[in-house]
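Undergrad: Structure file input_33.txt, compact mmCIF, N, CA and C atoms, is pasted below:
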# COMPACT_ATOMS: atom_id res chain seq x y z
N MET A 4 22.64 10.71 2.99
CA MET A 4 21.95 11.84 3.54
C MET A 4 22.15 11.83 5.04
N GLU A 5 22.83 12.80 5.56
CA GLU A 5 23.10 12.89 6.98
C GLU A 5 22.03 13.76 7.63
N THR A 6 21.47 13.27 8.71
CA THR A 6 20.47 14.05 9.43
C THR A 6 20.91 14.23 10.86
N ILE A 7 20.45 15.28 11.48
CA ILE A 7 20.75 15.52 12.88
C ILE A 7 19.44 15.77 13.62
N ALA A 8 19.47 15.62 14.93
CA ALA A 8 18.25 15.74 15.72
C ALA A 8 17.57 17.09 15.53
N SER A 9 18.31 18.14 15.30
CA SER A 9 17.71 19.47 15.20
C SER A 9 16.85 19.65 13.95
N ASP A 10 16.99 18.80 12.95
CA ASP A 10 16.15 18.94 11.76
C ASP A 10 14.94 18.03 11.80
N ARG A 11 14.60 17.55 12.96
CA ARG A 11 13.45 16.66 13.12
C ARG A 11 12.38 17.35 13.97
N LYS A 12 11.15 16.99 13.68
CA LYS A 12 10.02 17.54 14.40
C LYS A 12 9.23 16.39 15.00
N GLN A 13 9.05 16.42 16.29
CA GLN A 13 8.27 15.38 16.94
C GLN A 13 6.81 15.54 16.55
N THR A 14 6.16 14.41 16.28
CA THR A 14 4.76 14.44 15.87
C THR A 14 4.07 13.20 16.40
N ALA A 15 2.78 13.17 16.28
CA ALA A 15 2.00 12.01 16.74
C ALA A 15 0.99 11.63 15.67
N PHE A 16 0.78 10.33 15.53
CA PHE A 16 -0.21 9.81 14.60
C PHE A 16 -1.09 8.82 15.33
N ARG A 17 -2.31 8.72 14.91
CA ARG A 17 -3.20 7.67 15.40
C ARG A 17 -3.20 6.57 14.36
N LEU A 18 -2.80 5.39 14.79
CA LEU A 18 -2.74 4.23 13.89
C LEU A 18 -3.60 3.11 14.45
N ARG A 19 -4.12 2.29 13.58
CA ARG A 19 -4.84 1.09 14.03
C ARG A 19 -3.88 0.22 14.81
N LYS A 20 -4.39 -0.45 15.81
CA LYS A 20 -3.55 -1.30 16.65
C LYS A 20 -2.86 -2.38 15.85
N ASP A 21 -3.59 -3.01 14.92
CA ASP A 21 -2.99 -4.09 14.13
C ASP A 21 -1.87 -3.57 13.23
N LEU A 22 -2.04 -2.36 12.70
CA LEU A 22 -0.99 -1.78 11.87
C LEU A 22 0.24 -1.46 12.70
N LEU A 23 0.04 -0.90 13.88
CA LEU A 23 1.16 -0.58 14.75
C LEU A 23 1.93 -1.84 15.14
N GLU A 24 1.22 -2.90 15.46
CA GLU A 24 1.89 -4.16 15.82
C GLU A 24 2.68 -4.71 14.65
N ARG A 25 2.11 -4.61 13.46
CA ARG A 25 2.81 -5.09 12.26
C ARG A 25 4.08 -4.28 12.00
N LEU A 26 3.99 -2.97 12.19
CA LEU A 26 5.16 -2.11 12.01
C LEU A 26 6.25 -2.46 13.02
N LYS A 27 5.86 -2.73 14.25
CA LYS A 27 6.83 -3.11 15.27
C LYS A 27 7.52 -4.42 14.90
N ILE A 28 6.76 -5.38 14.39
CA ILE A 28 7.33 -6.67 13.98
C ILE A 28 8.33 -6.47 12.84
N GLU A 29 7.94 -5.68 11.85
CA GLU A 29 8.82 -5.45 10.70
C GLU A 29 10.08 -4.71 11.13
N ALA A 30 9.95 -3.76 12.04
CA ALA A 30 11.12 -3.03 12.53
C ALA A 30 12.07 -3.99 13.26
N ARG A 31 11.49 -4.85 14.10
CA ARG A 31 12.31 -5.83 14.83
C ARG A 31 13.06 -6.76 13.88
N LYS A 32 12.39 -7.19 12.81
CA LYS A 32 13.02 -8.07 11.81
C LYS A 32 14.27 -7.43 11.23
N GLU A 33 14.25 -6.12 11.07
CA GLU A 33 15.38 -5.40 10.48
C GLU A 33 16.30 -4.81 11.54
N ASN A 34 16.04 -5.16 12.81
CA ASN A 34 16.85 -4.69 13.94
C ASN A 34 16.93 -3.16 13.95
N ARG A 35 15.76 -2.54 13.80
CA ARG A 35 15.67 -1.08 13.77
C ARG A 35 14.63 -0.61 14.77
N SER A 36 14.73 0.63 15.18
CA SER A 36 13.70 1.19 16.05
C SER A 36 12.43 1.39 15.23
N LEU A 37 11.32 1.44 15.93
CA LEU A 37 10.05 1.69 15.24
C LEU A 37 10.10 3.03 14.52
N ASN A 38 10.60 4.05 15.19
CA ASN A 38 10.69 5.37 14.59
C ASN A 38 11.53 5.34 13.31
N ASN A 39 12.70 4.71 13.37
CA ASN A 39 13.58 4.66 12.21
C ASN A 39 12.93 3.89 11.07
N TYR A 40 12.27 2.80 11.40
CA TYR A 40 11.62 1.98 10.37
C TYR A 40 10.50 2.76 9.68
N VAL A 41 9.62 3.38 10.47
CA VAL A 41 8.50 4.13 9.89
C VAL A 41 9.02 5.30 9.06
N GLU A 42 10.02 6.00 9.57
CA GLU A 42 10.58 7.12 8.82
C GLU A 42 11.14 6.65 7.47
N SER A 43 11.85 5.53 7.46
CA SER A 43 12.43 5.06 6.20
C SER A 43 11.35 4.60 5.22
N VAL A 44 10.29 3.99 5.72
CA VAL A 44 9.19 3.58 4.85
C VAL A 44 8.53 4.81 4.23
N LEU A 45 8.30 5.82 5.04
CA LEU A 45 7.70 7.06 4.52
C LEU A 45 8.62 7.75 3.52
N MET A 46 9.92 7.77 3.81
CA MET A 46 10.87 8.37 2.87
C MET A 46 10.84 7.66 1.53
N ASP A 47 10.77 6.34 1.56
CA ASP A 47 10.71 5.57 0.31
C ASP A 47 9.48 5.95 -0.51
N VAL A 48 8.36 6.15 0.13
CA VAL A 48 7.13 6.50 -0.57
C VAL A 48 7.19 7.93 -1.10
N VAL A 49 7.63 8.85 -0.28
CA VAL A 49 7.60 10.26 -0.65
C VAL A 49 8.64 10.61 -1.70
N TYR A 50 9.82 10.00 -1.61
CA TYR A 50 10.91 10.37 -2.52
C TYR A 50 11.16 9.36 -3.62
N ARG A 51 10.21 8.49 -3.87
CA ARG A 51 10.37 7.51 -4.95
C ARG A 51 10.24 8.22 -6.29
N GLU A 52 11.27 8.13 -7.09
CA GLU A 52 11.25 8.74 -8.41
C GLU A 52 11.54 7.67 -9.44
N PRO A 53 10.71 7.57 -10.47
CA PRO A 53 10.93 6.55 -11.48
C PRO A 53 12.22 6.81 -12.28
N ASN A 54 12.87 5.70 -12.69
CA ASN A 54 14.08 5.84 -13.50
C ASN A 54 13.70 6.16 -14.95
N ASP A 55 14.70 6.39 -15.79
CA ASP A 55 14.46 6.80 -17.18
C ASP A 55 13.65 5.77 -17.95
N GLU A 56 13.94 4.49 -17.75
CA GLU A 56 13.21 3.43 -18.46
C GLU A 56 11.73 3.45 -18.08
N THR A 57 11.46 3.61 -16.80
CA THR A 57 10.07 3.65 -16.33
C THR A 57 9.37 4.89 -16.86
N LEU A 58 10.07 6.03 -16.85
CA LEU A 58 9.47 7.26 -17.38
C LEU A 58 9.12 7.11 -18.86
N ALA A 59 10.00 6.48 -19.62
CA ALA A 59 9.73 6.26 -21.04
C ALA A 59 8.52 5.35 -21.24
N ALA A 60 8.42 4.29 -20.44
CA ALA A 60 7.28 3.38 -20.54
C ALA A 60 5.98 4.10 -20.17
N MET A 61 6.06 4.95 -19.16
CA MET A 61 4.87 5.71 -18.77
C MET A 61 4.42 6.65 -19.88
N LYS A 62 5.39 7.28 -20.53
CA LYS A 62 5.07 8.19 -21.63
C LYS A 62 4.44 7.42 -22.78
N GLU A 63 5.00 6.26 -23.11
CA GLU A 63 4.43 5.44 -24.18
C GLU A 63 3.00 5.03 -23.85
N ALA A 64 2.76 4.65 -22.62
CA ALA A 64 1.42 4.23 -22.20
C ALA A 64 0.45 5.39 -22.31
N GLU A 65 0.87 6.57 -21.92
CA GLU A 65 0.00 7.75 -22.01
C GLU A 65 -0.32 8.08 -23.46
N GLU A 66 0.63 7.82 -24.35
CA GLU A 66 0.44 8.13 -25.77
C GLU A 66 -0.22 6.98 -26.53
N GLY A 67 -0.52 5.90 -25.82
CA GLY A 67 -1.18 4.76 -26.45
C GLY A 67 -0.26 3.92 -27.30
N LYS A 68 1.04 3.93 -27.03
CA LYS A 68 2.02 3.18 -27.81
C LYS A 68 2.48 1.93 -27.08
N ILE A 69 1.60 1.30 -26.34
CA ILE A 69 1.99 0.12 -25.58
C ILE A 69 2.30 -1.03 -26.54
N THR A 70 3.46 -1.64 -26.36
CA THR A 70 3.85 -2.75 -27.25
C THR A 70 3.76 -4.07 -26.55
Would you mind giving the structure from this file in structure tokens?

TA:
Amino acid sequence: METIASDRKQTAFRLRKDLLERLKIEARKENRSLNNYVESVLMDVVYREPNDETLAAMKEAEEGKIT
């Protein structure tokens, strides 16, 4: 997925200090900017789609067919 600066919107969030420090540490561990790290974490959460096996297991659980 290629992105360019023009498709981004600057925004601001209020975060707890301890959370912000933890995010900075995790970004540094992966040699990434804080912005890039937070964006990728959010993308993972928002666009996470279960695979076929997981979908089938979820359907079985909903139908009470847990084995």

Undergrad: For atom CA of A:Asp47 and atom CA of A:Arg17, determine how far apart the two atoms are, in Å to one decimal place.

TA: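 Calculated distance between atom CA of A:Asp47 and atom CA of A:Arg17 is 20.6 Å.
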
Undergrad: Find the distance between atom N of A:Arg25 and atom CA of A:Tyr50 and write it in Å to one decimal.

TA: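 Atom CA of A:Tyr50 lies 23.6 Å from atom N of A:Arg25.
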
Undergrad: What are the DSSP helix (DSSP H, G or I) residues of chain A, as a PyMOL selection string?

TA: chain A and resi 8-10+20-32+37-49+55-65

Undergrad: Which distance in Å separates atom CA of A:Arg11 and atom CA of A:Ala30, to one decimal?

TA: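 Atom CA of A:Ala30 lies 19.8 Å from atom CA of A:Arg11.
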
Undergrad: At a cut-off of 12 Å, using only C-alpha atoms, what residues contact A:Val41? Leave out same-chain residues fewer than 3 positions from it and give the result as a ChimeraX atom specification.

TA: /A:16,18,22-23,25-31,33,35-38,44-48

Undergrad: Give, as JSON, the centre coordinates and the x, y and z edge lengths in Å to one decimal for an axis-aligned box around all listed atoms of stretch 28-43 of chain A, padded by 6 Å on each side.

TA:
{"center_x": 11.8, "center_y": -0.5, "center_z": 10.6, "size_x": 22.2, "size_y": 27.2, "size_z": 22.8}

Undergrad: Given only C-alpha atoms as the basis, pick out the residue of A:Thr14, A:Lys68, A:Glu24, A:Ser9 nearest to A:Glu42.

TA: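 Smallest distance to A:Glu42 is found for A:Thr14.
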